[in-house]
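Chemist: The file below is protein_17.json, JSON, C-alpha atoms:
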[["chain", "number", "residue", "atom", "x", "y", "z"],
["A", 1, "MET", "CA", 44.05, -6.88, -66.99],
["A", 2, "SER", "CA", 41.64, -9.20, -65.23],
["A", 3, "LYS", "CA", 41.49, -12.85, -66.12],
["A", 4, "THR", "CA", 38.85, -14.13, -68.51],
["A", 5, "ILE", "CA", 35.32, -15.01, -67.46],
["A", 6, "LEU", "CA", 34.50, -18.15, -69.45],
["A", 7, "ALA", "CA", 30.81, -19.03, -69.83],
["A", 8, "TYR", "CA", 29.56, -22.46, -70.93],
["A", 9, "GLY", "CA", 26.13, -23.23, -72.36],
["A", 10, "GLU", "CA", 23.85, -22.72, -75.34],
["A", 11, "ALA", "CA", 23.15, -19.56, -77.31],
["A", 12, "MET", "CA", 20.16, -19.16, -79.58],
["A", 13, "VAL", "CA", 18.60, -16.70, -82.00],
["A", 14, "GLU", "CA", 15.61, -14.92, -80.49],
["A", 15, "PHE", "CA", 12.33, -13.71, -82.00],
["A", 16, "ASN", "CA", 10.70, -11.37, -79.50],
["A", 17, "GLN", "CA", 7.07, -10.28, -79.85],
["A", 18, "ARG", "CA", 6.52, -6.52, -79.84],
["A", 19, "ILE", "CA", 4.05, -5.47, -77.17],
["A", 20, "ASP", "CA", 2.92, -2.52, -79.28],
["A", 21, "ALA", "CA", 2.53, -4.63, -82.44],
["A", 22, "PRO", "CA", 1.81, -8.25, -81.40],
["A", 23, "ARG", "CA", 1.95, -9.64, -84.95],
["A", 24, "GLN", "CA", 5.54, -8.50, -85.30],
["A", 25, "PHE", "CA", 8.66, -10.12, -83.84],
["A", 26, "LEU", "CA", 12.07, -8.50, -83.45],
["A", 27, "GLN", "CA", 15.04, -10.72, -84.21],
["A", 28, "GLY", "CA", 17.65, -10.75, -81.49],
["A", 29, "TYR", "CA", 19.85, -13.18, -79.62],
["A", 30, "GLY", "CA", 19.52, -15.11, -76.39],
["A", 31, "GLY", "CA", 20.65, -18.05, -74.35],
["A", 32, "ASP", "CA", 21.30, -17.31, -70.71],
["A", 33, "THR", "CA", 25.04, -17.86, -70.58],
["A", 34, "SER", "CA", 25.58, -15.99, -73.85],
["A", 35, "ASN", "CA", 23.61, -13.05, -72.44],
["A", 36, "PHE", "CA", 25.79, -13.31, -69.33],
["A", 37, "ALA", "CA", 29.02, -13.27, -71.38],
["A", 38, "ILE", "CA", 27.91, -10.22, -73.36],
["A", 39, "ALA", "CA", 26.81, -8.40, -70.20],
["A", 40, "ALA", "CA", 30.22, -9.05, -68.64],
["A", 41, "ALA", "CA", 31.99, -7.83, -71.79],
["A", 42, "ARG", "CA", 29.92, -4.63, -71.91],
["A", 43, "GLN", "CA", 31.09, -3.86, -68.38],
["A", 44, "GLY", "CA", 34.69, -4.13, -69.54],
["A", 45, "ALA", "CA", 35.49, -7.68, -68.43],
["A", 46, "ALA", "CA", 37.52, -10.11, -70.52],
["A", 47, "SER", "CA", 34.80, -12.53, -71.61],
["A", 48, "ALA", "CA", 34.78, -15.79, -73.56],
["A", 49, "TYR", "CA", 32.22, -18.40, -74.59],
["A", 50, "LEU", "CA", 32.42, -22.19, -74.63],
["A", 51, "SER", "CA", 29.81, -23.95, -76.76],
["A", 52, "ALA", "CA", 28.94, -25.23, -80.22],
["A", 53, "VAL", "CA", 26.78, -23.79, -82.99],
["A", 54, "GLY", "CA", 25.46, -25.30, -86.20],
["A", 55, "ASP", "CA", 27.03, -24.59, -89.56],
["A", 56, "ASP", "CA", 23.92, -22.65, -90.50],
["A", 57, "HIS", "CA", 22.89, -19.02, -90.92],
["A", 58, "PHE", "CA", 21.93, -18.68, -87.26],
["A", 59, "GLY", "CA", 25.27, -20.05, -86.09],
["A", 60, "GLN", "CA", 27.11, -17.52, -88.23],
["A", 61, "ASP", "CA", 24.88, -14.79, -86.81],
["A", 62, "LEU", "CA", 25.87, -15.74, -83.28],
["A", 63, "LEU", "CA", 29.58, -15.86, -84.08],
["A", 64, "ALA", "CA", 29.33, -12.40, -85.63],
["A", 65, "LEU", "CA", 27.46, -11.15, -82.57],
["A", 66, "TRP", "CA", 30.13, -12.35, -80.14],
["A", 67, "GLN", "CA", 32.89, -10.89, -82.28],
["A", 68, "ARG", "CA", 31.11, -7.50, -82.31],
["A", 69, "GLU", "CA", 30.70, -7.71, -78.53],
["A", 70, "GLU", "CA", 34.35, -8.66, -78.00],
["A", 71, "VAL", "CA", 33.50, -12.05, -76.54],
["A", 72, "ASP", "CA", 36.28, -14.53, -77.32],
["A", 73, "VAL", "CA", 34.93, -17.31, -79.61],
["A", 74, "ARG", "CA", 38.03, -19.52, -79.84],
["A", 75, "HIS", "CA", 36.22, -22.23, -77.89],
["A", 76, "VAL", "CA", 32.96, -22.19, -79.86],
["A", 77, "ALA", "CA", 32.88, -25.20, -82.19],
["A", 78, "ILE", "CA", 31.02, -25.18, -85.50],
["A", 79, "ALA", "CA", 29.28, -28.53, -85.87],
["A", 80, "PRO", "CA", 29.16, -29.82, -89.47],
["A", 81, "GLY", "CA", 25.53, -30.54, -90.32],
["A", 82, "GLY", "CA", 24.46, -29.28, -86.91],
["A", 83, "SER", "CA", 21.68, -26.82, -86.15],
["A", 84, "THR", "CA", 21.52, -23.74, -83.97],
["A", 85, "GLY", "CA", 18.60, -23.33, -81.57],
["A", 86, "ILE", "CA", 15.99, -20.59, -81.89],
["A", 87, "TYR", "CA", 13.24, -19.39, -79.55],
["A", 88, "PHE", "CA", 10.26, -17.07, -79.46],
["A", 89, "VAL", "CA", 9.20, -14.71, -76.66],
["A", 90, "THR", "CA", 5.53, -13.73, -76.35],
["A", 91, "HIS", "CA", 3.98, -11.26, -73.92],
["A", 92, "ASP", "CA", 0.63, -10.99, -72.18],
["A", 93, "ALA", "CA", -0.83, -9.71, -68.92],
["A", 94, "ALA", "CA", 0.91, -12.52, -67.01],
["A", 95, "GLY", "CA", 4.36, -11.55, -68.26],
["A", 96, "HIS", "CA", 6.71, -13.00, -70.88],
["A", 97, "HIS", "CA", 6.65, -16.59, -72.14],
["A", 98, "PHE", "CA", 9.31, -18.62, -73.95],
["A", 99, "HIS", "CA", 8.76, -21.08, -76.81],
["A", 100, "TYR", "CA", 11.86, -23.06, -77.82],
["A", 101, "ARG", "CA", 12.99, -24.88, -80.95],
["A", 102, "ARG", "CA", 16.26, -26.31, -79.70],
["A", 103, "ALA", "CA", 15.98, -30.14, -79.70],
["A", 104, "GLY", "CA", 19.06, -31.76, -81.23],
["A", 105, "SER", "CA", 21.03, -28.52, -81.44],
["A", 106, "ALA", "CA", 24.79, -28.45, -81.82],
["A", 107, "ALA", "CA", 25.22, -27.16, -78.27],
["A", 108, "SER", "CA", 23.14, -29.99, -76.82],
["A", 109, "ALA", "CA", 25.52, -32.49, -78.47],
["A", 110, "PHE", "CA", 28.56, -31.02, -76.69],
["A", 111, "GLN", "CA", 30.67, -33.67, -74.91],
["A", 112, "ALA", "CA", 33.20, -33.60, -72.10],
["A", 113, "LYS", "CA", 36.01, -34.77, -74.39],
["A", 114, "ALA", "CA", 35.70, -31.46, -76.27],
["A", 115, "LEU", "CA", 36.42, -29.33, -73.18],
["A", 116, "PRO", "CA", 39.41, -26.95, -73.57],
["A", 117, "LEU", "CA", 41.00, -27.95, -70.26],
["A", 118, "GLU", "CA", 43.95, -25.54, -70.50],
["A", 119, "ALA", "CA", 41.64, -22.59, -71.16],
["A", 120, "ILE", "CA", 39.41, -23.54, -68.22],
["A", 121, "ALA", "CA", 42.42, -23.82, -65.90],
["A", 122, "ALA", "CA", 43.72, -20.42, -67.07],
["A", 123, "ALA", "CA", 40.40, -18.59, -66.64],
["A", 124, "GLY", "CA", 39.56, -16.20, -63.83],
["A", 125, "ALA", "CA", 36.07, -17.68, -63.52],
["A", 126, "LEU", "CA", 33.91, -20.36, -65.13],
["A", 127, "HIS", "CA", 30.17, -19.70, -65.35],
["A", 128, "LEU", "CA", 27.33, -22.16, -66.03],
["A", 129, "SER", "CA", 23.59, -22.30, -65.51],
["A", 130, "GLY", "CA", 20.95, -24.88, -64.86],
["A", 131, "ILE", "CA", 20.10, -24.70, -68.56],
["A", 132, "SER", "CA", 23.73, -25.50, -69.46],
["A", 133, "LEU", "CA", 23.22, -28.80, -67.62],
["A", 134, "ALA", "CA", 19.63, -29.49, -68.66],
["A", 135, "ILE", "CA", 19.81, -29.43, -72.46],
["A", 136, "SER", "CA", 21.19, -32.98, -72.69],
["A", 137, "GLU", "CA", 22.98, -35.65, -70.67],
["A", 138, "SER", "CA", 26.24, -35.13, -72.60],
["A", 139, "ALA", "CA", 26.09, -31.36, -72.06],
["A", 140, "CYS", "CA", 25.42, -31.96, -68.36],
["A", 141, "GLU", "CA", 28.40, -34.29, -68.00],
["A", 142, "ALA", "CA", 30.58, -31.79, -69.84],
["A", 143, "GLY", "CA", 29.42, -28.94, -67.61],
["A", 144, "LEU", "CA", 30.03, -30.81, -64.38],
["A", 145, "ALA", "CA", 33.44, -31.96, -65.65],
["A", 146, "ALA", "CA", 34.31, -28.35, -66.51],
["A", 147, "MET", "CA", 33.33, -27.23, -63.00],
["A", 148, "ALA", "CA", 35.36, -30.00, -61.40],
["A", 149, "HIS", "CA", 38.40, -29.13, -63.52],
["A", 150, "ALA", "CA", 38.02, -25.44, -62.70],
["A", 151, "ARG", "CA", 37.70, -26.19, -58.99],
["A", 152, "ALA", "CA", 40.81, -28.42, -59.09],
["A", 153, "SER", "CA", 42.70, -25.65, -60.90],
["A", 154, "GLY", "CA", 41.78, -22.98, -58.35],
["A", 155, "VAL", "CA", 39.42, -21.20, -60.74],
["A", 156, "THR", "CA", 36.29, -19.53, -59.33],
["A", 157, "THR", "CA", 33.07, -21.23, -60.44],
["A", 158, "SER", "CA", 29.72, -19.48, -60.68],
["A", 159, "LEU", "CA", 26.28, -20.96, -61.26],
["A", 160, "ASP", "CA", 22.91, -19.43, -62.11],
["A", 161, "THR", "CA", 20.08, -21.79, -61.12],
["A", 162, "ASN", "CA", 17.87, -21.05, -64.20],
["A", 163, "LEU", "CA", 15.56, -24.05, -63.79],
["A", 164, "ARG", "CA", 13.57, -25.06, -66.89],
["A", 165, "LEU", "CA", 11.32, -28.03, -66.17],
["A", 166, "ARG", "CA", 10.53, -28.36, -69.88],
["A", 167, "LEU", "CA", 14.11, -29.55, -70.28],
["A", 168, "TRP", "CA", 14.34, -32.05, -67.42],
["A", 169, "PRO", "CA", 12.13, -33.43, -64.65],
["A", 170, "LEU", "CA", 12.43, -31.92, -61.17],
["A", 171, "GLU", "CA", 13.83, -35.09, -59.57],
["A", 172, "ARG", "CA", 16.71, -35.23, -62.04],
["A", 173, "ALA", "CA", 17.23, -31.48, -61.84],
["A", 174, "ARG", "CA", 17.54, -31.68, -58.06],
["A", 175, "ALA", "CA", 20.13, -34.45, -58.24],
["A", 176, "ARG", "CA", 22.32, -32.89, -60.93],
["A", 177, "MET", "CA", 22.03, -29.38, -59.55],
["A", 178, "GLU", "CA", 23.12, -30.61, -56.13],
["A", 179, "GLU", "CA", 26.26, -31.92, -57.82],
["A", 180, "ALA", "CA", 26.75, -28.50, -59.38],
["A", 181, "PHE", "CA", 26.14, -26.66, -56.09],
["A", 182, "ARG", "CA", 28.91, -28.73, -54.50],
["A", 183, "LEU", "CA", 31.30, -27.52, -57.22],
["A", 184, "CYS", "CA", 30.14, -23.90, -57.04],
["A", 185, "ASP", "CA", 31.87, -20.93, -55.39],
["A", 186, "ILE", "CA", 29.34, -18.22, -56.35],
["A", 187, "CYS", "CA", 25.64, -19.01, -56.71],
["A", 188, "LEU", "CA", 23.14, -16.71, -58.45],
["A", 189, "PRO", "CA", 19.74, -18.21, -57.63],
["A", 190, "SER", "CA", 16.27, -16.94, -58.45],
["A", 191, "TRP", "CA", 13.45, -17.49, -55.97],
["A", 192, "GLU", "CA", 11.18, -19.85, -57.92],
["A", 193, "ASP", "CA", 14.12, -21.93, -59.16],
["A", 194, "VAL", "CA", 15.90, -22.47, -55.88],
["A", 195, "SER", "CA", 12.77, -22.99, -53.79],
["A", 196, "LEU", "CA", 11.78, -25.84, -56.12],
["A", 197, "LEU", "CA", 15.29, -27.28, -56.16],
["A", 198, "THR", "CA", 15.69, -27.24, -52.38],
["A", 199, "GLY", "CA", 12.06, -27.71, -51.30],
["A", 200, "LEU", "CA", 12.53, -24.75, -48.94],
["A", 201, "GLU", "CA", 10.47, -21.57, -48.69],
["A", 202, "ASP", "CA", 12.48, -19.46, -46.24],
["A", 203, "ARG", "CA", 15.12, -17.22, -47.76],
["A", 204, "ASP", "CA", 17.72, -17.73, -45.04],
["A", 205, "ALA", "CA", 17.08, -21.47, -44.92],
["A", 206, "ILE", "CA", 17.79, -21.60, -48.65],
["A", 207, "VAL", "CA", 20.98, -19.62, -48.19],
["A", 208, "ASP", "CA", 22.01, -21.93, -45.33],
["A", 209, "ARG", "CA", 21.50, -24.94, -47.60],
["A", 210, "LEU", "CA", 23.59, -23.44, -50.40],
["A", 211, "LEU", "CA", 26.39, -22.48, -48.01],
["A", 212, "SER", "CA", 26.32, -26.02, -46.56],
["A", 213, "TYR", "CA", 27.24, -27.34, -50.02],
["A", 214, "GLY", "CA", 30.41, -25.24, -49.96],
["A", 215, "VAL", "CA", 29.12, -22.20, -51.85],
["A", 216, "LYS", "CA", 31.08, -19.14, -50.64],
["A", 217, "LEU", "CA", 28.86, -16.32, -51.95],
["A", 218, "VAL", "CA", 25.15, -16.20, -52.74],
["A", 219, "ALA", "CA", 23.55, -13.34, -54.69],
["A", 220, "PHE", "CA", 19.84, -14.11, -54.43],
["A", 221, "LYS", "CA", 18.05, -12.37, -57.31],
["A", 222, "LEU", "CA", 14.70, -10.99, -56.17],
["A", 223, "GLY", "CA", 13.61, -8.97, -59.21],
["A", 224, "LYS", "CA", 11.94, -5.70, -58.32],
["A", 225, "GLU", "CA", 12.93, -6.18, -54.67],
["A", 226, "GLY", "CA", 16.64, -6.11, -55.48],
["A", 227, "CYS", "CA", 18.90, -8.90, -54.27],
["A", 228, "TYR", "CA", 20.00, -10.58, -51.07],
["A", 229, "VAL", "CA", 23.76, -11.07, -50.79],
["A", 230, "ALA", "CA", 25.08, -13.62, -48.32],
["A", 231, "THR", "CA", 28.38, -15.11, -47.26],
["A", 232, "SER", "CA", 29.28, -17.15, -44.21],
["A", 233, "ASP", "CA", 29.96, -13.88, -42.35],
["A", 234, "GLN", "CA", 27.20, -11.46, -43.36],
["A", 235, "ARG", "CA", 23.88, -11.12, -45.17],
["A", 236, "ARG", "CA", 22.34, -7.95, -46.56],
["A", 237, "MET", "CA", 19.57, -6.79, -48.88],
["A", 238, "VAL", "CA", 20.81, -4.60, -51.73],
["A", 239, "ALA", "CA", 18.16, -2.18, -52.92],
["A", 240, "PRO", "CA", 16.80, -2.28, -56.48],
["A", 241, "TYR", "CA", 16.95, 0.54, -59.02],
["A", 242, "PRO", "CA", 13.35, 1.31, -60.06],
["A", 243, "VAL", "CA", 12.57, 1.72, -63.78],
["A", 244, "ASP", "CA", 9.56, 1.50, -66.08],
["A", 245, "ALA", "CA", 10.25, -1.98, -67.44],
["A", 246, "LEU", "CA", 9.24, -2.94, -70.98],
["A", 247, "ASP", "CA", 10.71, -6.44, -71.25],
["A", 248, "ALA", "CA", 12.45, -8.42, -68.50],
["A", 249, "THR", "CA", 13.89, -11.03, -70.88],
["A", 250, "GLY", "CA", 17.49, -11.74, -69.85],
["A", 251, "ALA", "CA", 17.53, -9.34, -66.91],
["A", 252, "GLY", "CA", 18.81, -12.02, -64.54],
["A", 253, "ASP", "CA", 21.56, -12.94, -67.01],
["A", 254, "CYS", "CA", 22.55, -9.27, -67.24],
["A", 255, "PHE", "CA", 22.69, -9.13, -63.43],
["A", 256, "GLY", "CA", 24.98, -12.16, -63.35],
["A", 257, "GLY", "CA", 27.37, -10.90, -66.02],
["A", 258, "ALA", "CA", 27.62, -7.46, -64.44],
["A", 259, "PHE", "CA", 28.02, -8.93, -60.95],
["A", 260, "MET", "CA", 30.82, -11.26, -61.99],
["A", 261, "ALA", "CA", 32.55, -8.51, -63.98],
["A", 262, "GLU", "CA", 32.61, -6.35, -60.85],
["A", 263, "LEU", "CA", 33.86, -9.19, -58.66],
["A", 264, "MET", "CA", 36.64, -9.98, -61.14],
["A", 265, "ALA", "CA", 37.58, -6.28, -61.08],
["A", 266, "GLY", "CA", 38.10, -6.52, -57.32],
["A", 267, "ARG", "CA", 34.84, -4.99, -56.02],
["A", 268, "ASP", "CA", 33.31, -6.38, -52.84],
["A", 269, "ALA", "CA", 30.13, -8.44, -53.18],
["A", 270, "PHE", "CA", 27.75, -5.73, -51.95],
["A", 271, "ALA", "CA", 29.13, -3.03, -54.24],
["A", 272, "ALA", "CA", 29.05, -5.51, -57.11],
["A", 273, "ALA", "CA", 25.41, -6.30, -56.38],
["A", 274, "ARG", "CA", 24.46, -2.61, -56.30],
["A", 275, "TYR", "CA", 26.11, -2.16, -59.69],
["A", 276, "ALA", "CA", 24.47, -5.30, -61.09],
["A", 277, "ASN", "CA", 21.02, -4.24, -59.84],
["A", 278, "VAL", "CA", 21.29, -1.04, -61.87],
["A", 279, "ALA", "CA", 22.58, -2.89, -64.96],
["A", 280, "ALA", "CA", 19.76, -5.44, -64.79],
["A", 281, "ALA", "CA", 17.13, -2.74, -64.31],
["A", 282, "LEU", "CA", 18.39, -0.77, -67.31],
["A", 283, "SER", "CA", 18.29, -3.93, -69.41],
["A", 284, "THR", "CA", 14.51, -4.13, -68.95],
["A", 285, "THR", "CA", 13.89, -0.74, -70.58],
["A", 286, "GLY", "CA", 14.21, -2.13, -74.13],
["A", 287, "TYR", "CA", 13.15, -5.22, -76.03],
["A", 288, "GLY", "CA", 15.11, -8.45, -76.21],
["A", 289, "ALA", "CA", 17.78, -10.17, -74.16],
["A", 290, "VAL", "CA", 20.89, -8.53, -75.64],
["A", 291, "GLU", "CA", 20.19, -5.17, -77.29],
["A", 292, "PRO", "CA", 19.20, -3.32, -74.06],
["A", 293, "ILE", "CA", 22.13, -4.60, -71.95],
["A", 294, "PRO", "CA", 23.81, -1.39, -70.77],
["A", 295, "ARG", "CA", 27.46, -0.56, -71.03],
["A", 296, "ARG", "CA", 29.60, 0.54, -68.12],
["A", 297, "ALA", "CA", 29.25, 4.28, -68.80],
["A", 298, "GLN", "CA", 25.46, 4.04, -68.61],
["A", 299, "VAL", "CA", 25.53, 2.15, -65.32],
["A", 300, "GLU", "CA", 28.12, 4.45, -63.77],
["A", 301, "ALA", "CA", 26.08, 7.52, -64.78],
["A", 302, "VAL", "CA", 23.09, 6.14, -62.86],
["A", 303, "LEU", "CA", 25.21, 5.25, -59.85],
["A", 304, "ALA", "CA", 26.74, 8.72, -59.79],
["A", 305, "LYS", "CA", 23.29, 10.31, -59.92],
["A", 306, "THR", "CA", 21.82, 8.11, -57.20],
["A", 307, "SER", "CA", 24.73, 8.77, -54.86],
["A", 308, "GLU", "CA", 24.41, 12.56, -55.11]]
Would you mind writing the file out in structure tokens?
Modeler:
Amino acid sequence: MSKTILAYGEAMVEFNQRIDAPRQFLQGYGGDTSNFAIAAARQGAASAYLSAVGDDHFGQDLLALWQREEVDVRHVAIAPGGSTGIYFVTHDAAGHHFHYRRAGSAASAFQAKALPLEAIAAAGALHLSGISLAISESACEAGLAAMAHARASGVTTSLDTNLRLRLWPLERARARMEEAFRLCDICLPSWEDVSLLTGLEDRDAIVDRLLSYGVKLVAFKLGKEGCYVATSDQRRMVAPYPVDALDATGAGDCFGGAFMAELMAGRDAFAAARYANVAAALSTTGYGAVEPIPRRAQVEAVLAKTSE
């Protein structure tokens, strides 16, 4: 059995606007690293979450969700008197838009002294995102400390850039994310995020910069174009799987969880990216960040059909 993929960050309850009935919102769940953990679990990986939730209805909802999805919750604290974040997703001709109510949440109050150091050292991989570091200074310090401890313990670290300038100014984001890049083995950047963080506009120049920090593997998420996978030895585009997308919420998180699940199962990076492209594409064919995440059988059925 493969070692656990442990994801750190904030999960929230989601209210997603229906495109066909704009006055109605579907309740779901979100939070990039939680989506990632669930995506990894649905591909058959051993998955766990590290965070805190409030002792409120929404916190209980999230704990029940993870238990249903077989995501280990032993390292999710319940904060007495704390609140759990929520967010809304609206849709228009320009795409989907996020509206957050997360200030002062239990996850944002997480501190480095609460890190389960033995669990981090025993994990197969530790995953964070830019949002994990942006929600508060204490959460940022905890995240960087977790990465440093993982690195010192020989544990693979992965990082999704997920830049949210509503949460921190670009100058601070650049400084703290550079620290994270230097502690990162596998980077999962998106174009807009990483071009802002690096100030670069050329894809290979961006990859060169990430590799110069010590990153070993880059899976550059390019949406409908697929992804660009790069190591120090080779670089290759991996073709997308075309679908009629309804809602792209969480597609990048699904890609990351599926990609890491495949890597932890021993697949090479290019095969893992092909698998993850299909998983992410399928996740856009329904509403919400979690409900449409496919399971392994669905992804393998598509791969079998496309290889015929």
Chemist: Can you list, as a short mmCIF file (atom, residue, chain, number, x, y, z; two decimals) with C-alpha atoms, keeping the file's coordinate frame, every protein, DNA or RNA residue that comes within 8 Å of stretch 226-238 of chain A when you count all atoms listed in the file, leaving out same-chain residues fewer than 4 positions away?
Modeler:
data_model
loop_
_atom_site.label_atom_id
_atom_site.label_comp_id
_atom_site.auth_asym_id
_atom_site.auth_seq_id
_atom_site.Cartn_x
_atom_site.Cartn_y
_atom_site.Cartn_z
CA VAL A 207 20.98 -19.62 -48.19
CA LEU A 211 26.39 -22.48 -48.01
CA LYS A 216 31.08 -19.14 -50.64
CA LEU A 217 28.86 -16.32 -51.95
CA VAL A 218 25.15 -16.20 -52.74
CA ALA A 219 23.55 -13.34 -54.69
CA PHE A 220 19.84 -14.11 -54.43
CA LYS A 221 18.05 -12.37 -57.31
CA LEU A 222 14.70 -10.99 -56.17
CA ALA A 269 30.13 -8.44 -53.18
CA PHE A 270 27.75 -5.73 -51.95
CA ALA A 273 25.41 -6.30 -56.38
CA ARG A 274 24.46 -2.61 -56.30
CA ASN A 277 21.02 -4.24 -59.84
#
Chemist: Quick one: residues within 6 Å of (24.5, -19.8, -54.3) (file frame), counting only C-alpha atoms, please, as a short mmCIF file (atom, residue, chain, number, x, y, z; two decimals) with C-alpha atoms, keeping the file's coordinate frame.
Modeler:
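This went into selection.cif:
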data_model
loop_
_atom_site.label_atom_id
_atom_site.label_comp_id
_atom_site.auth_asym_id
_atom_site.auth_seq_id
_atom_site.Cartn_x
_atom_site.Cartn_y
_atom_site.Cartn_z
CA ILE A 186 29.34 -18.22 -56.35
CA CYS A 187 25.64 -19.01 -56.71
CA LEU A 188 23.14 -16.71 -58.45
CA LEU A 210 23.59 -23.44 -50.40
CA VAL A 215 29.12 -22.20 -51.85
CA VAL A 218 25.15 -16.20 -52.74
#
Chemist: To one decimal in Å, tell me the separation between atom CA of A:Met260 and atom CA of A:Val299.
Modeler: 14.8 Å
Chemist: May I have the protein, DNA and RNA residues with any atom at most 12 Å from the point (4.0, -9.7, -71.3), counting only C-alpha atoms, written as a PyMOL selection string?
Modeler: chain A and resi 16-20+22+89-98+245-249+287
Chemist: Please, what distance in Å, to one decimal, runs between atom CA of A:Arg23 and atom CA of A:Asp244?
Modeler: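 Interatomic distance, atom CA of A:Arg23 to atom CA of A:Asp244: 23.2 Å.
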Chemist: So, with all atoms listed in the file as the atoms that count, which of A:Arg102, A:Arg174, A:Lys305, A:Arg74 lies closest to A:Ile86?
Modeler: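 Looking at the shortest contact to A:Ile86, the residue is A:Arg102.
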Chemist: Using Å and a single decimal, report how far atom CA of A:Ala276 sits from atom CA of A:Tyr49.
Modeler: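 We find that atom CA of A:Tyr49 and atom CA of A:Ala276 lie 20.3 Å from each other.
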Chemist: Give the answer as one residue: which of A:Arg42, A:Arg176, A:His127, A:Lys224 has the shortest atom-to-atom distance to A:Arg295, using all atoms listed in the file?
Modeler: A:Arg42
Chemist: Between A:Val73, A:Ala106, A:Val290, A:Leu128, which residue has the minimum interatomic distance to A:Thr33, considering only C-alpha atoms?
Modeler: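 Using only C-alpha atoms, A:Thr33 sits closest to A:Leu128.
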Chemist: Which residue is closest to A:Phe36? Choose from A:Ile206, A:Ile5, A:Ala139, A:Leu163 and count all atoms listed in the file.
Modeler: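 Result for the nearest residue to A:Phe36: A:Ile5.
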Chemist: Pick out the residues sitting within 12 Å of A:Gly266, and hand them over as a JSON list (two decimals) with C-alpha atoms, in the coordinates of the input; count all atoms listed in the file, and ignore anything fewer than 5 positions along from it in its own chain.
Modeler:
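Listing of result_25.json after writing:
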[["chain", "number", "residue", "atom", "x", "y", "z"],
["A", 1, "MET", "CA", 44.05, -6.88, -66.99],
["A", 2, "SER", "CA", 41.64, -9.20, -65.23],
["A", 3, "LYS", "CA", 41.49, -12.85, -66.12],
["A", 45, "ALA", "CA", 35.49, -7.68, -68.43],
["A", 124, "GLY", "CA", 39.56, -16.20, -63.83],
["A", 259, "PHE", "CA", 28.02, -8.93, -60.95],
["A", 260, "MET", "CA", 30.82, -11.26, -61.99],
["A", 261, "ALA", "CA", 32.55, -8.51, -63.98],
["A", 271, "ALA", "CA", 29.13, -3.03, -54.24],
["A", 272, "ALA", "CA", 29.05, -5.51, -57.11]]
Chemist: Could you pull the residues within 8 Å of A:Ala52, counting only C-alpha atoms, minus those fewer than 2 positions along the same chain, as number ranges by chain?
Modeler: A: 10, 50, 54, 76-79, 106-107, 110
Chemist: Residues near stretch 150-155 of chain A, anyone? I mean within 7 Å using all atoms listed in the file, not counting same-chain ones fewer than 2 positions away, as a ChimeraX atom specification.
Modeler: /A:120-121,123-126,146-148,157,183
Chemist: So, counting all atoms listed in the file, which residue among A:Glu70, A:Glu192, A:Asp253, A:Asp204 is closest to A:Ala280?
Modeler: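 That would be A:Asp253, the residue with the smallest distance to A:Ala280.
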